[in-house]
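> One structure is given below, represented as C-alpha coordinates, and several questions about it will come after.
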Amino acid sequence: MLFIIAVSMILGFILIFLLKHSSAPIAMEEAFYRQDAPGMAALGEMLPEEFKEICVDLVEAVGLRVQSVESEEPGVINITAVYDHPVLGGTYLVSGLLSPTDQVVDSAPVLGLSSAVHQERAMKGIFITTGFFSQEVDKIMEGAPVELINRDRLAGLLEEHGIARMEKQLTEQNPGEHREE
(Lines give C-alpha, C1' and ligand atoms only; values in the text may rest on other atoms or scores of the structure.)
Protein backbone atom coordinates (compact mmCIF):
# COMPACT_ATOMS: atom_id res chain seq x y z
CA MET A 1 0.00 0.00 0.00
CA LEU A 2 2.83 2.36 0.91
CA PHE A 3 4.53 1.49 -2.38
CA ILE A 4 1.44 2.52 -4.42
CA ILE A 5 1.20 5.86 -2.58
CA ALA A 6 4.90 6.59 -3.15
CA VAL A 7 4.70 5.75 -6.88
CA SER A 8 1.54 7.89 -7.23
CA MET A 9 3.22 10.86 -5.56
CA ILE A 10 6.31 10.55 -7.75
CA LEU A 11 4.19 10.31 -10.91
CA GLY A 12 2.16 13.32 -9.72
CA PHE A 13 5.29 15.42 -9.25
CA ILE A 14 6.61 14.37 -12.65
CA LEU A 15 3.32 15.36 -14.32
CA ILE A 16 3.29 18.72 -12.52
CA PHE A 17 6.88 19.33 -13.63
CA LEU A 18 6.04 18.46 -17.26
CA LEU A 19 2.93 20.65 -17.27
CA LYS A 20 4.85 23.65 -15.95
CA HIS A 21 7.51 23.31 -18.62
CA SER A 22 5.19 22.78 -21.56
CA SER A 23 4.17 25.98 -23.32
CA ALA A 24 0.52 26.73 -23.79
CA PRO A 25 -0.51 28.36 -27.06
CA ILE A 26 -0.83 32.13 -26.86
CA ALA A 27 -4.41 33.29 -26.98
CA MET A 28 -4.87 35.99 -29.61
CA GLU A 29 -7.48 38.47 -30.67
CA GLU A 30 -10.36 36.93 -32.58
CA ALA A 31 -9.58 39.24 -35.51
CA PHE A 32 -6.22 37.46 -35.90
CA TYR A 33 -8.03 34.31 -36.98
CA ARG A 34 -10.27 36.11 -39.47
CA GLN A 35 -8.86 36.65 -42.91
CA ASP A 36 -11.83 38.58 -44.26
CA ALA A 37 -10.03 41.73 -45.39
CA PRO A 38 -7.64 41.01 -48.27
CA GLY A 39 -6.29 44.57 -48.43
CA MET A 40 -5.09 44.43 -44.84
CA ALA A 41 -2.00 42.46 -45.81
CA ALA A 42 -0.61 45.73 -47.19
CA LEU A 43 -0.23 47.02 -43.63
CA GLY A 44 2.24 44.30 -42.68
CA GLU A 45 4.19 44.70 -45.92
CA MET A 46 4.99 48.39 -45.42
CA LEU A 47 8.52 49.69 -45.26
CA PRO A 48 9.59 51.07 -41.87
CA GLU A 49 9.74 54.66 -43.22
CA GLU A 50 6.19 54.38 -44.61
CA PHE A 51 4.95 53.06 -41.27
CA LYS A 52 6.67 55.93 -39.46
CA GLU A 53 5.05 58.50 -41.78
CA ILE A 54 1.62 56.90 -41.43
CA CYS A 55 1.86 56.92 -37.63
CA VAL A 56 2.94 60.58 -37.57
CA ASP A 57 0.15 61.50 -40.00
CA LEU A 58 -2.42 59.65 -37.90
CA VAL A 59 -1.26 61.30 -34.67
CA GLU A 60 -1.57 64.72 -36.32
CA ALA A 61 -4.95 63.81 -37.86
CA VAL A 62 -6.47 63.08 -34.44
CA GLY A 63 -5.48 66.56 -33.24
CA LEU A 64 -2.16 66.01 -31.50
CA ARG A 65 0.91 68.15 -32.18
CA VAL A 66 4.03 66.01 -32.69
CA GLN A 67 6.99 67.16 -30.61
CA SER A 68 9.49 64.41 -31.35
CA VAL A 69 9.80 61.19 -33.32
CA GLU A 70 12.43 58.61 -32.43
CA SER A 71 13.20 55.36 -34.16
CA GLU A 72 15.10 52.84 -32.03
CA GLU A 73 15.27 50.31 -34.82
CA PRO A 74 13.51 49.83 -38.16
CA GLY A 75 9.80 49.34 -37.62
CA VAL A 76 9.81 50.59 -34.02
CA ILE A 77 8.94 54.24 -33.40
CA ASN A 78 8.24 56.42 -30.40
CA ILE A 79 6.35 59.68 -30.78
CA THR A 80 5.88 62.33 -28.14
CA ALA A 81 2.87 64.49 -28.92
CA VAL A 82 0.94 67.24 -27.16
CA TYR A 83 -2.76 68.01 -27.13
CA ASP A 84 -3.09 71.77 -26.78
CA HIS A 85 -6.22 72.23 -24.70
CA PRO A 86 -6.44 74.20 -21.46
CA VAL A 87 -8.38 71.51 -19.57
CA LEU A 88 -7.89 68.20 -21.38
CA GLY A 89 -4.45 68.91 -22.81
CA GLY A 90 -1.20 67.23 -22.01
CA THR A 91 1.49 64.92 -23.29
CA TYR A 92 0.70 61.71 -25.16
CA LEU A 93 3.23 58.95 -25.80
CA VAL A 94 2.76 56.90 -28.95
CA SER A 95 4.63 53.69 -29.71
CA GLY A 96 4.46 52.05 -33.11
CA LEU A 97 5.48 48.52 -34.02
CA LEU A 98 5.59 47.40 -37.64
CA SER A 99 4.82 43.73 -37.33
CA PRO A 100 3.97 41.03 -39.86
CA THR A 101 0.22 40.38 -39.79
CA ASP A 102 0.81 36.75 -38.80
CA GLN A 103 2.87 37.72 -35.76
CA VAL A 104 1.32 38.54 -32.40
CA VAL A 105 2.43 41.40 -30.15
CA ASP A 106 2.93 40.18 -26.59
CA SER A 107 2.72 42.22 -23.42
CA ALA A 108 6.37 43.32 -23.06
CA PRO A 109 6.39 46.34 -25.42
CA VAL A 110 2.93 47.41 -24.26
CA LEU A 111 3.99 47.24 -20.61
CA GLY A 112 7.04 49.33 -21.56
CA LEU A 113 4.75 52.02 -22.96
CA SER A 114 2.55 51.89 -19.87
CA SER A 115 5.61 52.36 -17.66
CA ALA A 116 6.78 55.30 -19.75
CA VAL A 117 3.32 56.90 -19.49
CA HIS A 118 3.50 56.69 -15.70
CA GLN A 119 7.14 57.87 -15.53
CA GLU A 120 6.57 60.84 -17.82
CA ARG A 121 3.19 61.61 -16.20
CA ALA A 122 1.66 61.63 -19.66
CA MET A 123 -2.09 61.84 -20.22
CA LYS A 124 -2.22 58.64 -22.23
CA GLY A 125 -0.22 56.15 -24.24
CA ILE A 126 -1.18 54.87 -27.67
CA PHE A 127 0.27 51.62 -29.02
CA ILE A 128 -0.08 51.16 -32.80
CA THR A 129 0.77 47.91 -34.55
CA THR A 130 0.19 46.35 -37.95
CA GLY A 131 -0.33 43.01 -36.20
CA PHE A 132 -2.55 41.85 -33.37
CA PHE A 133 -2.23 41.74 -29.61
CA SER A 134 -2.24 38.57 -27.54
CA GLN A 135 -5.23 38.36 -25.21
CA GLU A 136 -2.91 38.64 -22.23
CA VAL A 137 -2.26 42.25 -23.33
CA ASP A 138 -5.97 43.10 -23.04
CA LYS A 139 -6.14 41.54 -19.60
CA ILE A 140 -2.97 43.18 -18.31
CA MET A 141 -3.77 46.61 -19.74
CA GLU A 142 -7.37 46.74 -18.49
CA GLY A 143 -7.81 50.13 -16.82
CA ALA A 144 -4.35 51.39 -17.80
CA PRO A 145 -4.13 54.72 -19.66
CA VAL A 146 -3.02 53.01 -22.88
CA GLU A 147 -5.03 52.79 -26.09
CA LEU A 148 -4.36 49.70 -28.22
CA ILE A 149 -4.63 49.99 -32.00
CA ASN A 150 -4.28 46.73 -33.93
CA ARG A 151 -4.18 46.16 -37.68
CA ASP A 152 -7.94 46.32 -38.22
CA ARG A 153 -8.44 49.41 -36.10
CA LEU A 154 -5.43 51.09 -37.73
CA ALA A 155 -6.88 50.49 -41.20
CA GLY A 156 -10.22 51.93 -40.06
CA LEU A 157 -8.59 55.04 -38.58
CA LEU A 158 -6.49 55.60 -41.70
CA GLU A 159 -9.59 55.36 -43.85
CA GLU A 160 -11.62 57.57 -41.50
CA HIS A 161 -8.98 60.31 -41.55
CA GLY A 162 -8.23 59.93 -45.28
CA ILE A 163 -4.55 59.23 -44.94
CA ALA A 164 -3.57 58.86 -48.60
CA ARG A 165 -0.58 56.52 -48.35
CA MET A 166 -2.72 53.72 -46.98
CA GLU A 167 -5.53 54.22 -49.47
CA LYS A 168 -2.99 54.21 -52.32
CA GLN A 169 -1.37 51.01 -51.05
CA LEU A 170 -4.71 49.23 -50.66
CA THR A 171 -5.81 50.33 -54.12
CA GLU A 172 -2.58 49.09 -55.70
CA GLN A 173 -2.99 45.72 -54.02
CA ASN A 174 -6.73 45.39 -54.85
CA PRO A 175 -7.40 47.46 -57.99
CA GLY A 176 -11.05 48.33 -58.50
CA GLU A 177 -12.09 47.93 -54.86
CA HIS A 178 -11.59 51.52 -53.79
CA ARG A 179 -12.78 53.30 -56.91
CA GLU A 180 -15.39 56.00 -56.63
CA GLU A 181 -18.13 55.69 -59.23
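We label chains A, B, ... in the order they appear in the C-alpha coordinates, count residues from 1 in each chain, and number ligands from 1 in the order shown.
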From stretch 25-142 of chain A, collect each residue whose DSSP state is helix (DSSP H, G or I) and return the set as a PyMOL selection string.
chain A and resi 30-33+38-44+48-61+107-120+135-141
> Go ahead and save the picked residues with N, CA and C atoms, as a short mmCIF file (atom, residue, chain, number, x, y, z; two decimals), in the first residue's frame.

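Ended up saving to selection19.cif:
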data_model
loop_
_atom_site.label_atom_id
_atom_site.label_comp_id
_atom_site.auth_asym_id
_atom_site.auth_seq_id
_atom_site.Cartn_x
_atom_site.Cartn_y
_atom_site.Cartn_z
N GLU A 30 -9.55 37.67 -31.62
CA GLU A 30 -10.36 36.93 -32.58
C GLU A 30 -10.09 37.40 -34.01
N ALA A 31 -9.81 38.69 -34.18
CA ALA A 31 -9.58 39.24 -35.51
C ALA A 31 -8.36 38.60 -36.16
N PHE A 32 -7.41 38.10 -35.36
CA PHE A 32 -6.22 37.46 -35.90
C PHE A 32 -6.62 36.24 -36.73
N TYR A 33 -7.63 35.54 -36.30
CA TYR A 33 -8.03 34.31 -36.98
C TYR A 33 -8.88 34.56 -38.21
N PRO A 38 -8.83 41.27 -47.49
CA PRO A 38 -7.64 41.01 -48.27
C PRO A 38 -6.68 42.19 -48.37
N GLY A 39 -7.16 43.40 -48.32
CA GLY A 39 -6.29 44.57 -48.43
C GLY A 39 -5.46 44.82 -47.20
N MET A 40 -5.79 44.18 -46.09
CA MET A 40 -5.09 44.43 -44.84
C MET A 40 -3.65 43.91 -44.86
N ALA A 41 -3.35 42.99 -45.73
CA ALA A 41 -2.00 42.46 -45.81
C ALA A 41 -1.00 43.56 -46.15
N ALA A 42 -1.48 44.62 -46.83
CA ALA A 42 -0.61 45.73 -47.19
C ALA A 42 -0.02 46.41 -45.96
N LEU A 43 -0.74 46.39 -44.85
CA LEU A 43 -0.23 47.02 -43.63
C LEU A 43 1.04 46.34 -43.14
N GLY A 44 1.07 45.03 -43.17
CA GLY A 44 2.24 44.30 -42.68
C GLY A 44 3.40 44.30 -43.66
N PRO A 48 9.56 50.36 -43.15
CA PRO A 48 9.59 51.07 -41.87
C PRO A 48 9.38 52.58 -41.99
N GLU A 49 9.92 53.21 -43.03
CA GLU A 49 9.74 54.66 -43.22
C GLU A 49 8.28 54.99 -43.51
N GLU A 50 7.61 54.15 -44.32
CA GLU A 50 6.19 54.38 -44.61
C GLU A 50 5.36 54.25 -43.34
N PHE A 51 5.67 53.26 -42.52
CA PHE A 51 4.95 53.06 -41.27
C PHE A 51 5.14 54.27 -40.36
N LYS A 52 6.36 54.76 -40.29
CA LYS A 52 6.67 55.93 -39.46
C LYS A 52 5.84 57.13 -39.93
N GLU A 53 5.81 57.38 -41.23
CA GLU A 53 5.05 58.50 -41.78
C GLU A 53 3.55 58.36 -41.52
N ILE A 54 3.04 57.14 -41.67
CA ILE A 54 1.62 56.90 -41.43
C ILE A 54 1.27 57.15 -39.97
N CYS A 55 2.12 56.71 -39.06
CA CYS A 55 1.86 56.92 -37.63
C CYS A 55 1.88 58.41 -37.29
N VAL A 56 2.86 59.14 -37.82
CA VAL A 56 2.94 60.58 -37.57
C VAL A 56 1.71 61.28 -38.14
N ASP A 57 1.33 60.90 -39.38
CA ASP A 57 0.15 61.50 -40.00
C ASP A 57 -1.12 61.23 -39.19
N LEU A 58 -1.24 60.01 -38.68
CA LEU A 58 -2.42 59.65 -37.90
C LEU A 58 -2.47 60.43 -36.59
N VAL A 59 -1.32 60.55 -35.92
CA VAL A 59 -1.26 61.30 -34.67
C VAL A 59 -1.68 62.75 -34.91
N GLU A 60 -1.20 63.34 -36.00
CA GLU A 60 -1.57 64.72 -36.32
C GLU A 60 -3.04 64.80 -36.72
N ALA A 61 -3.55 63.79 -37.41
CA ALA A 61 -4.95 63.81 -37.86
C ALA A 61 -5.94 63.75 -36.70
N SER A 107 2.90 41.15 -24.39
CA SER A 107 2.72 42.22 -23.42
C SER A 107 3.96 43.08 -23.15
N ALA A 108 5.15 42.59 -23.43
CA ALA A 108 6.37 43.32 -23.06
C ALA A 108 6.44 44.75 -23.61
N PRO A 109 6.29 44.96 -24.94
CA PRO A 109 6.39 46.34 -25.42
C PRO A 109 5.24 47.23 -24.93
N VAL A 110 4.08 46.64 -24.74
CA VAL A 110 2.93 47.41 -24.26
C VAL A 110 3.13 47.82 -22.80
N LEU A 111 3.67 46.91 -22.00
CA LEU A 111 3.99 47.24 -20.61
C LEU A 111 5.07 48.32 -20.55
N GLY A 112 6.01 48.29 -21.49
CA GLY A 112 7.04 49.33 -21.56
C GLY A 112 6.43 50.69 -21.80
N LEU A 113 5.45 50.76 -22.70
CA LEU A 113 4.75 52.02 -22.96
C LEU A 113 3.98 52.47 -21.72
N SER A 114 3.30 51.55 -21.08
CA SER A 114 2.55 51.89 -19.87
C SER A 114 3.46 52.45 -18.79
N SER A 115 4.63 51.86 -18.63
CA SER A 115 5.61 52.36 -17.66
C SER A 115 6.07 53.77 -18.02
N ALA A 116 6.34 53.98 -19.30
CA ALA A 116 6.78 55.30 -19.75
C ALA A 116 5.70 56.35 -19.52
N VAL A 117 4.44 55.98 -19.73
CA VAL A 117 3.32 56.90 -19.49
C VAL A 117 3.31 57.33 -18.03
N HIS A 118 3.49 56.37 -17.13
CA HIS A 118 3.50 56.69 -15.70
C HIS A 118 4.74 57.51 -15.32
N GLN A 119 5.90 57.15 -15.84
CA GLN A 119 7.14 57.87 -15.53
C GLN A 119 7.10 59.32 -16.01
N GLU A 120 6.60 59.51 -17.23
CA GLU A 120 6.57 60.84 -17.82
C GLU A 120 5.33 61.64 -17.38
N GLN A 135 -4.15 38.04 -26.14
CA GLN A 135 -5.23 38.36 -25.21
C GLN A 135 -4.70 38.72 -23.83
N GLU A 136 -3.49 38.27 -23.51
CA GLU A 136 -2.91 38.64 -22.23
C GLU A 136 -2.71 40.15 -22.16
N VAL A 137 -2.45 40.79 -23.30
CA VAL A 137 -2.26 42.25 -23.33
C VAL A 137 -3.56 42.94 -22.89
N ASP A 138 -4.68 42.51 -23.43
CA ASP A 138 -5.97 43.10 -23.04
C ASP A 138 -6.23 42.94 -21.55
N LYS A 139 -5.91 41.79 -21.03
CA LYS A 139 -6.14 41.54 -19.60
C LYS A 139 -5.22 42.37 -18.73
N ILE A 140 -3.95 42.44 -19.10
CA ILE A 140 -2.97 43.18 -18.31
C ILE A 140 -3.24 44.68 -18.37
N MET A 141 -3.64 45.17 -19.54
CA MET A 141 -3.77 46.61 -19.74
C MET A 141 -5.15 47.15 -19.35
#
> If you run DSSP over the backbone, which residues in stretch 46-153 of chain A end up strand (DSSP E)? Put them as JSON, numbers by chain.
{"A": [65, 66, 67, 68, 69, 70, 71, 72, 73, 76, 77, 78, 79, 80, 81, 82, 83, 90, 91, 92, 93, 94, 95, 96, 97, 104, 105, 124, 125, 126, 127, 128, 129, 132, 133, 146, 147, 148, 149]}
> Counting only C-alpha atoms, what is within 7 Å of A:Met123, bar same-chain residues fewer than 2 positions away, as a PyMOL selection string?
chain A and resi 90-92+121
> I'd like to know which of A:Met46, A:Val7, A:Ile128, A:Val62 is closest to A:Gly162, using only C-alpha atoms.
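Using only C-alpha atoms, A:Gly162 sits closest to A:Val62.
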